[in-house]
Each structure stands twice: as structure tokens, then as C-alpha cells.
Amino acid sequence: MKKILISNDDGILSPFLNRFIEAFEEVSDEILVVVPASEQSWIGRAYSRHKTLTLAERKSDFKKTKIYTVDGTPSDCVNIALGCLCKDDLPDVVVSGINIGQNLGLPLLWSSGTFSAAAEAAGAGVMAVAASLQLANEFYEACRINHETPPKKLDDILRSACAHCANFVREKFESKDARLGSVFNINYPSEYSSSTPFVECEPASVKILPFYKQDENGKFSFKYAIDGGRSVGGKKTDIECLKSGVACYSSICVRP
């Protein structure tokens, strides 16, 4: 692959970003990274319509990679990258991730900034991939909230997932199975290794339950809740795969 665009929703401070770049430098001639200047999880397909945005180049320690931030959403990042930074030389693939935590099920995937960044590329006719790594509870707060460097156990899992993702993208691109107009949505289980099975699945059809709990002062706080999901076809769902420790991917149409 000649050129890859990487984005995410965890922002420039994501402790997973450098490992993702390292993996893709092995399979690409050139990488452009355009990510939010701050963490933008759960913001979905939002655009910063009422805000003037700033694009800033950041220091890169990688040979093939230029890094930029946008003080906006994941969709802003990919839209600006495709429409301004590389409008005359579009990337072969746009990859969003690797996300800190899983991204499963429809319609909840549309709440994910990771998935939405990839959907922005799919809508523009570019091969699009979203990748996420499920985290054990012991690691989630440290990485997701505090941006701490992953400990060795998690770093080994992260390296394996990033390497697999990079090779998956390369193989799909070289086989001409880009599925333009769709997003390949990949999820890696929390104990992923190079020997973990990897299968094609379908996104679970989930019922959105009430997310907000009201306290004694009448205020509302968010608490994630879904009905567990169900299959609508012949394959296992993404939720079922992760529950059984299997890595998986689905292909979700964004633009028919």
C-alpha cells in the first residue's frame, strides 16, 4: 500500500496510537495521522459546524509518518484530511483506531467516534477500517482515562492486535476486497494473541436501554446498558465472538 490515513477518537494522547503507527509502517510506504487534539469518544458522527477548527502539525518520531491534530471530532479529522491535506492524492485506506475498548452492535456503533471516522472515509469512497481492542477492567481506567503507558501484559496484546490489523488491511487491499462504501469493523478480545481465532461475524442487533439514571437531586448520569444483542443472519454476532474470546470483523454498508 502506498498511503494510509490513520485517525481515532481517543486523540493524540492515546497510549495505543504509537503501537498502531508502528504496525502500519511495516505495510505502507507513507502514513498520514490526523487525530483529535483531545479525547472524543462516544461523539458519533458529529461535525463541529459552529466552531472554527485548527489543524496543527505535531512532532513525529516515525520515518514514514506525518502527524496532525484537529481540535474537533473524528469525523472532522477525516473530512479535513481527505478534503484538504490529501485531496489530490487520496490514501489507499483509512484506518480508525486502535480504539481503547470494544465497539459492538447496531445501532450503537453509530455512537462510536472510532467507527464514525471510518464511516467518513467509506462515505467518500475510500477503503475504510475501524479497529478496537477490548480491555480487561484492570487496564481500562489507566489507559482510557489517565492515558498511561500500557503495562507489559497489555502491551504484548496490543502489539499482536496492531500487527494483525495491519496485515488484515494489507491483505484486503491487495486482494481487491476493499468493499468500497462499507466499513470493516474489527474487534479484538481482551486476551488476544497471534493464535486467537479470527472470523467474519455480523454486528449484533441490540436494543438500546435507558442509559441515564436519576439521582436524588434530579440530575442524570450515564450508565451503559444494552439488551445483549441478537443475530439477524447465519453468522455469529460480534458480541458472541468477543464473549467466547474470538477476534472478529464485520462489513457494514455506509453508502450503497
# chains A, B, ... in the order shown; residues from 1 in each chain; ligands from 1

$ closest_atom_pairs --of "region 154-194 of chain A" --to "region 24-31 of chain A" --cutoff "12 Å" --atoms "only C-alpha atoms" --output "Markdown table"
| residue | atom | partner | partner_atom | distance |
| --- | --- | --- | --- | --- |
| A:Arg159 | CA | A:Phe24 | CA | 11.3 |
| A:Ala161 | CA | A:Phe24 | CA | 11.7 |
| A:Cys162 | CA | A:Phe24 | CA | 8.0 |
| A:Ala163 | CA | A:Phe24 | CA | 7.7 |
| A:His164 | CA | A:Phe24 | CA | 10.0 |
| A:Cys165 | CA | A:Phe24 | CA | 8.5 |
| A:Ala166 | CA | A:Phe24 | CA | 5.4 |
| A:Asn167 | CA | A:Val27 | CA | 7.2 |
| A:Phe168 | CA | A:Val27 | CA | 10.2 |
| A:Val169 | CA | A:Val27 | CA | 8.9 |
| A:Arg170 | CA | A:Val27 | CA | 6.7 |
| A:Glu171 | CA | A:Val27 | CA | 9.9 |
| A:Phe173 | CA | A:Val27 | CA | 11.0 |
| A:Glu174 | CA | A:Val27 | CA | 11.1 |

$ residues_around --residues "Ala247 (chain A)" --least-positions-apart "4" --cutoff "8 Å" --atoms "only C-alpha atoms" --output "list in words"
Ile186, Asn187, Tyr188, Pro189, Tyr192, Thr196, Pro197, Phe198, Val199, Cys241 and Leu242 of chain A

$ select_by_dssp --residues "region 14-134 of chain A" --states "helix (DSSP H, G or I)" --output "PyMOL selection string"
chain A and resi 17-25+74-85+108-111+113-123

$ closest_residue --among "A:Ala23, A:Val93, A:Leu158, A:Ala128" --to "Met1 (chain A)" --atoms "only C-alpha atoms"
A:Val93

$ closest_residue --among "A:Ser60, A:Thr237, A:Ser112, A:Ser75" --to "Ser205 (chain A)" --atoms "only C-alpha atoms"
A:Thr237

$ closest_residue --among "A:Lys207, A:Lys243, A:Lys213, A:Lys66" --to "Ile226 (chain A)" --atoms "only C-alpha atoms"
A:Lys207

$ residues_around --residues "Ile157 (chain A)" --least-positions-apart "3" --cutoff "9 Å" --atoms "only C-alpha atoms" --output "CSV table (one decimal) with C-alpha atoms, in the first residue's frame"
chain,number,residue,atom,x,y,z
A,152,LYS,CA,3.9,-5.3,29.5
A,153,LYS,CA,1.0,-7.7,29.6
A,154,LEU,CA,-1.3,-5.3,27.8
A,160,SER,CA,-0.3,-8.5,18.5
A,161,ALA,CA,-3.6,-6.9,17.7
A,162,CYS,CA,-2.0,-4.0,15.8
A,190,SER,CA,-9.0,-8.7,25.8
A,191,GLU,CA,-6.7,-11.7,25.8
A,192,TYR,CA,-5.8,-11.6,22.1
A,193,SER,CA,-2.7,-13.2,20.8
A,194,SER,CA,-1.4,-14.3,17.3

$ closest_residue --among "A:Trp110, A:Asp76, A:Arg58, A:Val126" --to "Asp89 (chain A)" --atoms "only C-alpha atoms"
A:Val126

$ closest_residue --among "A:Trp42, A:Phe139, A:Tyr249, A:Tyr212" --to "Ser111 (chain A)" --atoms "only C-alpha atoms"
A:Trp42

$ select_by_dssp --residues "region 95-198 of chain A" --states "strand (DSSP E or B)" --output "list in words"
Val95, Ser96, Gly97, Ile98, Asn99, Ile100, Leu106, Met127, Ala128, Val129, Ala130, Ala131, Ser132, Leu133, Ser182, Val183, Phe184, Asn185, Ile186, Asn187, Tyr188 and Phe198 of chain A

$ residues_around --residues "Ser14 (chain A)" --least-positions-apart "6" --cutoff "9 Å" --atoms "only C-alpha atoms" --output "CSV table (one decimal) with N, CA and C atoms, in the first residue's frame"
chain,number,residue,atom,x,y,z
A,8,ASN,N,-8.5,8.4,14.9
A,8,ASN,CA,-9.1,7.7,16.1
A,8,ASN,C,-10.1,8.6,16.8
A,39,GLU,N,-9.5,13.8,23.6
A,39,GLU,CA,-10.3,12.6,23.5
A,39,GLU,C,-11.7,12.9,23.1
A,99,ASN,N,-8.9,1.4,18.9
A,99,ASN,CA,-9.7,2.0,20.0
A,99,ASN,C,-9.4,1.4,21.3
A,100,ILE,N,-9.5,2.2,22.4
A,100,ILE,CA,-9.4,1.7,23.7
A,100,ILE,C,-10.7,1.2,24.2
A,143,CYS,N,-5.7,3.3,30.9
A,143,CYS,CA,-5.4,3.7,29.5
A,143,CYS,C,-6.4,4.7,29.0
A,144,ARG,N,-7.7,4.5,29.3
A,144,ARG,CA,-8.8,5.3,28.7
A,144,ARG,C,-8.9,6.7,29.4
A,147,HIS,N,-4.5,7.9,30.3
A,147,HIS,CA,-3.6,7.9,29.2
A,147,HIS,C,-2.2,7.3,29.6
A,148,GLU,N,-2.2,6.3,30.5
A,148,GLU,CA,-1.0,5.7,31.0
A,148,GLU,C,-0.4,4.7,30.0

$ atom_distance --atom1 "CA of Ala81 (chain A)" --atom2 "CA of Ile12 (chain A)"
15.3 Å

$ closest_residue --among "A:Met127, A:Val70, A:Ile239, A:Val35" --to "Ala56 (chain A)" --atoms "only C-alpha atoms"
A:Val70

$ residues_around --residues "Pro36 (chain A)" --least-positions-apart "2" --cutoff "9 Å" --atoms "only C-alpha atoms" --output "PyMOL selection string"
chain A and resi 7-12+34+38-40+68-74+76-77
